[in-house]
Amino acid sequence: MLIERLKKKRWLKKYGHSIQLAYPESDYCNKYSYDWFVDNVYLLSQGLESGIDFDDKFYLNNNADIAHAVSTGNLCCGYVHFCTLGKLELRVWSSRKIYEFRLEGPVLATGIAEPKNIFPLPRYRPDLRSLPDAKEKTLLIFIPFLTDDLFFAGYTGFFSDMSLIFPDFAHVKVIVGNPDYNERLLDKYGKGIEVIPFNKIGELTELPTLIYCFDTETFFQAKDVFGNLERVVYYCQDFESGFYPYGSMYVRSQASLYQSKNIVFSTGILASSITRKGLLSDDVNCYVTAPHIEPFDAKKERSKKIFFYYRPEAFNSRNMPELIMRTVIDFCHQHCGYEIYLVGAVGTSFSQKINGTDVIILSKLAKKDYLDLISACDAVVALIYSDHPGVIAYQTAASGIPTITNTFGIRDADYIEAISSNLVPFDPIRESLNDKIEFALTMPKGNRDFNLANYEQKSQFSFSDFNSKIMETNRSNASEASE
């Protein structure tokens, strides 16, 4: 007995601090004393019967990093980790009730049955709704990433629009979901922009005057943390269900649109598509902007080079990379003497020779390198199976390069052809992409043609007026509430 007491005393001396941190985060702090908690954590750590209803073995078996920390003596048990960090990281755990139904206890399936969708939809904290309004006009922007690899296309378009209203605010703060960020990426958009990781958002002391969100998940971050959607704007660049099959996330992307009080749509065709889906509330306040289409000088001479916009990342199946690769392989077996360029991947570059044809897969290129390459190509393929029409296809068509892009919903062949005679509509359900490439290669190069109004369909009032209206409405509502 004495030996056991000494053993427990040494154990508590080593792990006491982590147990003190775990106690207020446990389900037992309001039911039992701290001494009871210490006694039962000790029993759990020794593999003995404990009053804490937590299967420590299951937790360690499914979290190799925590099991290693326990085996090396850096943690006393999995449960303490779960209380302090694991539940925030959505680590899977189990009570002992399962043994009444399965004698072998808890288990997680592997292989094709791996429960990848086991986690709940996130709910964001802290709750900052009670903060006082900012004394000076403050713009708060939620974005998921701020990294070099991802900072192009949608991000640059977003911040180009945001920079138009930066001078209207005394303070501009950017909340980044991923803690690994490069705040220098925003230097060219304005001075004094403060970048804050989302896990530090609780340090804010005032409610921002206006809040902008970059996508579905940042909309829910703003909603959960600040509550008041009247001052929140969802900058919608895509109907994000295009990233997901039917299911919870598909529904969540629709819900973010329906719950929004203020929305900026990146193009008119996207706004029309969302409206026709019936996803907007009756009182929603909308503004339509559009990416800047900047034509370049396309070379008229034939090069036997073909450019494919290629996004093989797991989150980009909407760009149909598998279809593109199948088409490239088939084309190479039917033709010789071409060079095929698949460009746009994030962090992926390699090359192959298929039936004597060089196929080069490249990460996104610097602007000059991109323009030098694409301007020499005989045809461009830029697909996006979502409501967002994309940009590359319209830039290359405007520059005079035969360009294949796909139909989707109300973005039908008539709409596509009305924008440019250099666009070749492709129905990926009913038509062959190889046939469309064969046709595009017979078209002339270098004849610029682009109907900007048909593409943009922009709002007639200014972006600044749109935001001023939101802030003025909020001020009026606040005054009425205080009277």
# chains A, B, ... in the order shown; residues from 1 in each chain; ligands from 1
$ select_by_dssp --residues "range 65-263 of chain A" --states "strand (DSSP E)" --output "short mmCIF file (atom, residue, chain, number, x, y, z; two decimals) with N, CA and C atoms, in the first residue's frame"
data_model
loop_
_atom_site.label_atom_id
_atom_site.label_comp_id
_atom_site.auth_asym_id
_atom_site.auth_seq_id
_atom_site.Cartn_x
_atom_site.Cartn_y
_atom_site.Cartn_z
N THR A 138 -14.68 49.82 -39.02
CA THR A 138 -13.77 48.68 -39.09
C THR A 138 -14.32 47.63 -40.04
N LEU A 139 -13.49 47.18 -40.96
CA LEU A 139 -13.83 46.11 -41.90
C LEU A 139 -13.13 44.84 -41.46
N LEU A 140 -13.91 43.76 -41.30
CA LEU A 140 -13.35 42.46 -40.92
C LEU A 140 -13.59 41.49 -42.07
N ILE A 141 -12.56 40.78 -42.49
CA ILE A 141 -12.64 39.86 -43.62
C ILE A 141 -12.25 38.46 -43.15
N PHE A 142 -13.12 37.49 -43.41
CA PHE A 142 -12.83 36.09 -43.10
C PHE A 142 -12.36 35.39 -44.38
N ILE A 143 -11.19 34.76 -44.33
CA ILE A 143 -10.73 33.91 -45.44
C ILE A 143 -10.16 32.62 -44.87
N HIS A 171 -9.91 50.87 -39.96
CA HIS A 171 -9.18 49.64 -39.66
C HIS A 171 -9.65 48.53 -40.59
N VAL A 172 -8.71 47.74 -41.10
CA VAL A 172 -9.01 46.55 -41.90
C VAL A 172 -8.32 45.36 -41.24
N LYS A 173 -9.13 44.38 -40.84
CA LYS A 173 -8.59 43.18 -40.18
C LYS A 173 -8.99 41.95 -41.00
N VAL A 174 -8.05 41.04 -41.17
CA VAL A 174 -8.29 39.81 -41.93
C VAL A 174 -8.13 38.62 -41.00
N ILE A 175 -9.20 37.82 -40.87
CA ILE A 175 -9.18 36.62 -40.05
C ILE A 175 -8.89 35.42 -40.94
N VAL A 176 -7.82 34.69 -40.65
CA VAL A 176 -7.39 33.56 -41.48
C VAL A 176 -7.66 32.26 -40.73
N GLU A 194 -4.34 44.32 -40.81
CA GLU A 194 -3.96 43.46 -39.69
C GLU A 194 -4.46 42.03 -39.93
N VAL A 195 -3.54 41.07 -39.91
CA VAL A 195 -3.90 39.67 -40.14
C VAL A 195 -3.92 38.94 -38.80
N ILE A 196 -5.03 38.24 -38.54
CA ILE A 196 -5.24 37.56 -37.25
C ILE A 196 -5.66 36.12 -37.51
N PRO A 197 -4.99 35.13 -36.91
CA PRO A 197 -5.46 33.74 -37.06
C PRO A 197 -6.80 33.56 -36.35
N LEU A 210 -18.44 46.22 -40.64
CA LEU A 210 -18.82 45.42 -41.80
C LEU A 210 -17.96 44.17 -41.82
N ILE A 211 -18.57 43.03 -42.18
CA ILE A 211 -17.88 41.75 -42.19
C ILE A 211 -18.03 41.10 -43.56
N TYR A 212 -16.93 40.70 -44.16
CA TYR A 212 -16.95 40.00 -45.44
C TYR A 212 -16.47 38.56 -45.27
N CYS A 213 -17.12 37.64 -45.98
CA CYS A 213 -16.79 36.21 -45.90
C CYS A 213 -16.46 35.69 -47.30
N VAL A 232 -23.07 41.25 -42.25
CA VAL A 232 -22.22 40.23 -42.88
C VAL A 232 -22.52 40.15 -44.37
N VAL A 233 -21.46 40.14 -45.19
CA VAL A 233 -21.59 40.00 -46.64
C VAL A 233 -20.89 38.72 -47.07
N TYR A 234 -21.62 37.88 -47.81
CA TYR A 234 -21.03 36.67 -48.38
C TYR A 234 -20.59 37.00 -49.80
N TYR A 235 -19.28 36.98 -50.04
CA TYR A 235 -18.73 37.23 -51.37
C TYR A 235 -18.70 35.89 -52.10
N CYS A 236 -19.71 35.63 -52.90
CA CYS A 236 -19.92 34.31 -53.50
C CYS A 236 -19.26 34.23 -54.88
N ASN A 262 -26.79 39.70 -47.24
CA ASN A 262 -26.06 40.49 -48.23
C ASN A 262 -25.11 39.57 -49.00
N ILE A 263 -25.19 39.61 -50.32
CA ILE A 263 -24.36 38.72 -51.15
C ILE A 263 -23.75 39.51 -52.30
#
$ residues_around --residues "Ile404 in chain A" --least-positions-apart "5" --cutoff "7 Å" --atoms "only C-alpha atoms" --output "JSON, numbers by chain"
{"A": [380, 381, 382, 423, 424, 425, 426]}
$ atom_distance --atom1 "CA of Asn319 in chain A" --atom2 "CA of Glu301 in chain A"
28.8 Å
$ select_by_dssp --residues "range 243-434 of chain A" --states "helix (DSSP H, G or I)" --output "mmCIF file with C-alpha atoms, in the first residue's frame"
data_model
loop_
_atom_site.group_PDB
_atom_site.id
_atom_site.type_symbol
_atom_site.label_atom_id
_atom_site.label_comp_id
_atom_site.auth_asym_id
_atom_site.auth_seq_id
_atom_site.Cartn_x
_atom_site.Cartn_y
_atom_site.Cartn_z
ATOM 1 C CA PHE A 243 -17.144 20.931 -54.553
ATOM 2 C CA SER A 248 -24.496 17.454 -45.627
ATOM 3 C CA MET A 249 -21.931 19.795 -47.160
ATOM 4 C CA TYR A 250 -24.089 20.288 -50.243
ATOM 5 C CA VAL A 251 -26.939 21.352 -47.978
ATOM 6 C CA ARG A 252 -24.611 23.587 -45.935
ATOM 7 C CA SER A 253 -23.463 25.448 -49.045
ATOM 8 C CA GLN A 254 -27.082 26.113 -49.996
ATOM 9 C CA ALA A 255 -27.968 27.159 -46.450
ATOM 10 C CA SER A 256 -25.180 29.760 -46.408
ATOM 11 C CA LEU A 257 -26.734 31.414 -49.457
ATOM 12 C CA TYR A 258 -30.286 31.280 -48.144
ATOM 13 C CA GLN A 259 -29.353 32.651 -44.716
ATOM 14 C CA GLY A 268 -24.070 37.732 -63.541
ATOM 15 C CA ILE A 269 -24.476 34.152 -64.746
ATOM 16 C CA LEU A 270 -23.727 32.890 -61.223
ATOM 17 C CA ALA A 271 -26.277 35.313 -59.749
ATOM 18 C CA SER A 272 -28.901 34.208 -62.289
ATOM 19 C CA SER A 273 -28.221 30.545 -61.628
ATOM 20 C CA ILE A 274 -28.508 30.877 -57.846
ATOM 21 C CA THR A 275 -31.693 32.933 -58.216
ATOM 22 C CA ARG A 276 -33.296 30.299 -60.451
ATOM 23 C CA ALA A 314 -9.020 16.275 -54.343
ATOM 24 C CA PHE A 315 -11.119 19.427 -53.788
ATOM 25 C CA ASN A 316 -11.246 20.283 -57.486
ATOM 26 C CA SER A 317 -13.148 17.437 -59.120
ATOM 27 C CA ARG A 318 -15.442 20.123 -60.558
ATOM 28 C CA ASN A 319 -12.637 20.882 -63.060
ATOM 29 C CA PRO A 321 -9.254 16.343 -64.206
ATOM 30 C CA GLU A 322 -9.964 12.652 -64.783
ATOM 31 C CA LEU A 323 -11.857 13.412 -67.990
ATOM 32 C CA ILE A 324 -9.040 15.683 -69.114
ATOM 33 C CA MET A 325 -6.364 13.045 -68.555
ATOM 34 C CA ARG A 326 -8.405 10.395 -70.373
ATOM 35 C CA THR A 327 -8.840 12.807 -73.277
ATOM 36 C CA VAL A 328 -5.114 13.632 -73.365
ATOM 37 C CA ILE A 329 -4.151 9.955 -73.489
ATOM 38 C CA ASP A 330 -6.653 9.232 -76.273
ATOM 39 C CA PHE A 331 -5.509 12.288 -78.233
ATOM 40 C CA CYS A 332 -1.864 11.227 -77.983
ATOM 41 C CA HIS A 333 -2.727 7.811 -79.415
ATOM 42 C CA GLN A 334 -4.498 9.453 -82.357
ATOM 43 C CA LYS A 367 2.099 35.659 -65.237
ATOM 44 C CA LYS A 368 4.739 36.197 -67.943
ATOM 45 C CA ASP A 369 5.479 32.474 -68.259
ATOM 46 C CA TYR A 370 1.766 31.715 -68.386
ATOM 47 C CA LEU A 371 1.104 34.272 -71.116
ATOM 48 C CA ASP A 372 4.123 33.189 -73.151
ATOM 49 C CA LEU A 373 2.887 29.606 -73.101
ATOM 50 C CA ILE A 374 -0.843 30.012 -73.556
ATOM 51 C CA ILE A 392 -9.371 31.365 -68.199
ATOM 52 C CA ALA A 393 -11.741 30.206 -70.950
ATOM 53 C CA TYR A 394 -13.076 33.719 -71.448
ATOM 54 C CA GLN A 395 -9.644 35.349 -71.334
ATOM 55 C CA THR A 396 -8.245 33.039 -74.029
ATOM 56 C CA ALA A 397 -11.369 33.354 -76.200
ATOM 57 C CA ALA A 398 -11.197 37.144 -75.916
ATOM 58 C CA SER A 399 -7.570 36.918 -77.053
ATOM 59 C CA ALA A 413 -24.390 26.622 -75.652
ATOM 60 C CA ASP A 414 -26.322 29.732 -76.759
ATOM 61 C CA TYR A 415 -25.043 31.712 -73.763
ATOM 62 C CA ILE A 416 -21.447 30.597 -74.356
ATOM 63 C CA GLU A 417 -21.493 31.312 -78.082
ATOM 64 C CA ALA A 418 -23.041 34.758 -77.517
ATOM 65 C CA ILE A 419 -19.947 35.768 -75.543
ATOM 66 C CA LEU A 433 -14.215 16.195 -75.582
ATOM 67 C CA ASN A 434 -11.871 14.716 -78.192
#
$ residues_around --residues "Asp161 in chain A" --least-positions-apart "4" --cutoff "9 Å" --atoms "only C-alpha atoms" --output "PyMOL selection string"
chain A and resi 156-157+165+289+463
$ atom_distance --atom1 "CA of Lys14 in chain A" --atom2 "CA of Leu88 in chain A"
24.2 Å
$ residues_around --residues "Ser160 in chain A" --least-positions-apart "4" --cutoff "10 Å" --atoms "only C-alpha atoms" --output "compact mmCIF listing (two decimals) with N, CA and C atoms, in the first residue's frame"
# COMPACT_ATOMS: atom_id res chain seq x y z
N GLY A 154 -9.25 33.23 -57.58
CA GLY A 154 -10.33 33.70 -56.72
C GLY A 154 -9.87 34.65 -55.63
N TYR A 155 -8.72 34.36 -55.01
CA TYR A 155 -8.23 35.22 -53.92
C TYR A 155 -7.84 36.60 -54.44
N THR A 156 -7.13 36.66 -55.56
CA THR A 156 -6.69 37.95 -56.07
C THR A 156 -7.88 38.78 -56.55
N LEU A 164 -10.98 48.26 -53.10
CA LEU A 164 -11.73 49.44 -53.52
C LEU A 164 -12.39 50.14 -52.33
N ILE A 165 -12.70 49.36 -51.27
CA ILE A 165 -13.38 49.97 -50.12
C ILE A 165 -12.48 50.11 -48.90
N LYS A 188 0.25 44.58 -51.20
CA LYS A 188 -0.04 45.36 -52.40
C LYS A 188 -1.47 45.88 -52.44
N TYR A 189 -2.31 45.40 -51.53
CA TYR A 189 -3.71 45.83 -51.52
C TYR A 189 -3.99 46.99 -50.56
N PRO A 291 -14.96 39.25 -62.73
CA PRO A 291 -13.50 39.26 -62.86
C PRO A 291 -13.09 40.10 -64.07
N HIS A 292 -11.96 40.74 -63.96
CA HIS A 292 -11.45 41.52 -65.08
C HIS A 292 -10.90 40.58 -66.14
$ residues_around --residues "range 351-366 of chain A" --least-positions-apart "2" --cutoff "8 Å" --atoms "only C-alpha atoms" --output "list in words"
Ile329, Cys332, His333, Cys336, Gly337, Tyr338, Glu339, Ile340, Tyr341, Leu342, Val343, Gly344, Ala345, Val346, Gly347, Thr348, Ser349, Lys368, Asp369 and Tyr370 of chain A
$ atom_distance --atom1 "CA of Leu204 in chain A" --atom2 "CA of Pro132 in chain A"
10.5 Å
$ residues_around --residues "Lys223 in chain A" --least-positions-apart "4" --cutoff "10 Å" --atoms "only C-alpha atoms" --output "PyMOL selection string"
chain A and resi 123-124+127+129+213+217-219+227-229+232+256+259-260
$ write_last_selection --atoms "N, CA and C atoms" --output "PDB file, in the first residue's frame"
ATOM      1  N   ARG A 123     -19.110  24.028 -35.185  1.00  0.00           N
ATOM      2  CA  ARG A 123     -19.736  25.198 -34.583  1.00  0.00           C
ATOM      3  C   ARG A 123     -18.610  26.057 -34.019  1.00  0.00           C
ATOM      4  N   TYR A 124     -18.607  27.314 -34.398  1.00  0.00           N
ATOM      5  CA  TYR A 124     -17.454  28.154 -34.103  1.00  0.00           C
ATOM      6  C   TYR A 124     -17.657  28.998 -32.850  1.00  0.00           C
ATOM      7  N   ASP A 127     -18.315  33.360 -28.682  1.00  0.00           N
ATOM      8  CA  ASP A 127     -19.490  34.169 -28.967  1.00  0.00           C
ATOM      9  C   ASP A 127     -19.154  35.621 -28.636  1.00  0.00           C
ATOM     10  N   ARG A 129     -21.031  38.346 -29.697  1.00  0.00           N
ATOM     11  CA  ARG A 129     -22.182  39.184 -30.017  1.00  0.00           C
ATOM     12  C   ARG A 129     -22.386  40.339 -29.035  1.00  0.00           C
ATOM     13  N   CYS A 213     -17.123  37.638 -45.978  1.00  0.00           N
ATOM     14  CA  CYS A 213     -16.788  36.214 -45.903  1.00  0.00           C
ATOM     15  C   CYS A 213     -16.462  35.690 -47.298  1.00  0.00           C
ATOM     16  N   GLU A 217     -17.816  28.203 -45.450  1.00  0.00           N
ATOM     17  CA  GLU A 217     -17.397  27.967 -44.067  1.00  0.00           C
ATOM     18  C   GLU A 217     -17.076  29.265 -43.351  1.00  0.00           C
ATOM     19  N   THR A 218     -16.496  30.238 -44.053  1.00  0.00           N
ATOM     20  CA  THR A 218     -16.233  31.515 -43.380  1.00  0.00           C
ATOM     21  C   THR A 218     -17.532  32.262 -43.093  1.00  0.00           C
ATOM     22  N   PHE A 219     -18.570  32.020 -43.900  1.00  0.00           N
ATOM     23  CA  PHE A 219     -19.886  32.597 -43.582  1.00  0.00           C
ATOM     24  C   PHE A 219     -20.368  32.073 -42.232  1.00  0.00           C
ATOM     25  N   GLY A 227     -23.139  36.603 -34.921  1.00  0.00           N
ATOM     26  CA  GLY A 227     -24.584  36.503 -34.849  1.00  0.00           C
ATOM     27  C   GLY A 227     -25.343  37.407 -35.796  1.00  0.00           C
ATOM     28  N   ASN A 228     -25.053  38.690 -35.800  1.00  0.00           N
ATOM     29  CA  ASN A 228     -25.812  39.665 -36.573  1.00  0.00           C
ATOM     30  C   ASN A 228     -25.468  39.582 -38.054  1.00  0.00           C
ATOM     31  N   LEU A 229     -26.329  38.951 -38.847  1.00  0.00           N
ATOM     32  CA  LEU A 229     -26.058  38.776 -40.265  1.00  0.00           C
ATOM     33  C   LEU A 229     -26.336  40.028 -41.081  1.00  0.00           C
ATOM     34  N   VAL A 232     -23.070  41.248 -42.253  1.00  0.00           N
ATOM     35  CA  VAL A 232     -22.220  40.232 -42.879  1.00  0.00           C
ATOM     36  C   VAL A 232     -22.521  40.152 -44.372  1.00  0.00           C
ATOM     37  N   SER A 256     -25.938  28.513 -46.566  1.00  0.00           N
ATOM     38  CA  SER A 256     -25.180  29.760 -46.408  1.00  0.00           C
ATOM     39  C   SER A 256     -25.726  30.847 -47.325  1.00  0.00           C
ATOM     40  N   GLN A 259     -29.378  31.893 -45.967  1.00  0.00           N
ATOM     41  CA  GLN A 259     -29.353  32.651 -44.716  1.00  0.00           C
ATOM     42  C   GLN A 259     -28.704  34.025 -44.857  1.00  0.00           C
ATOM     43  N   SER A 260     -27.955  34.226 -45.936  1.00  0.00           N
ATOM     44  CA  SER A 260     -27.258  35.498 -46.119  1.00  0.00           C
ATOM     45  C   SER A 260     -28.231  36.651 -46.345  1.00  0.00           C
TER      46      SER A 260
END
$ residues_around --residues "Pro444 in chain A" --least-positions-apart "3" --cutoff "10 Å" --atoms "only C-alpha atoms" --output "list in words"
Lys300, Glu301, Arg302, Asp378, Ala379, Gly400, Ile401, Pro402, Asn422, Ala440, Leu441 and Asn447 of chain A
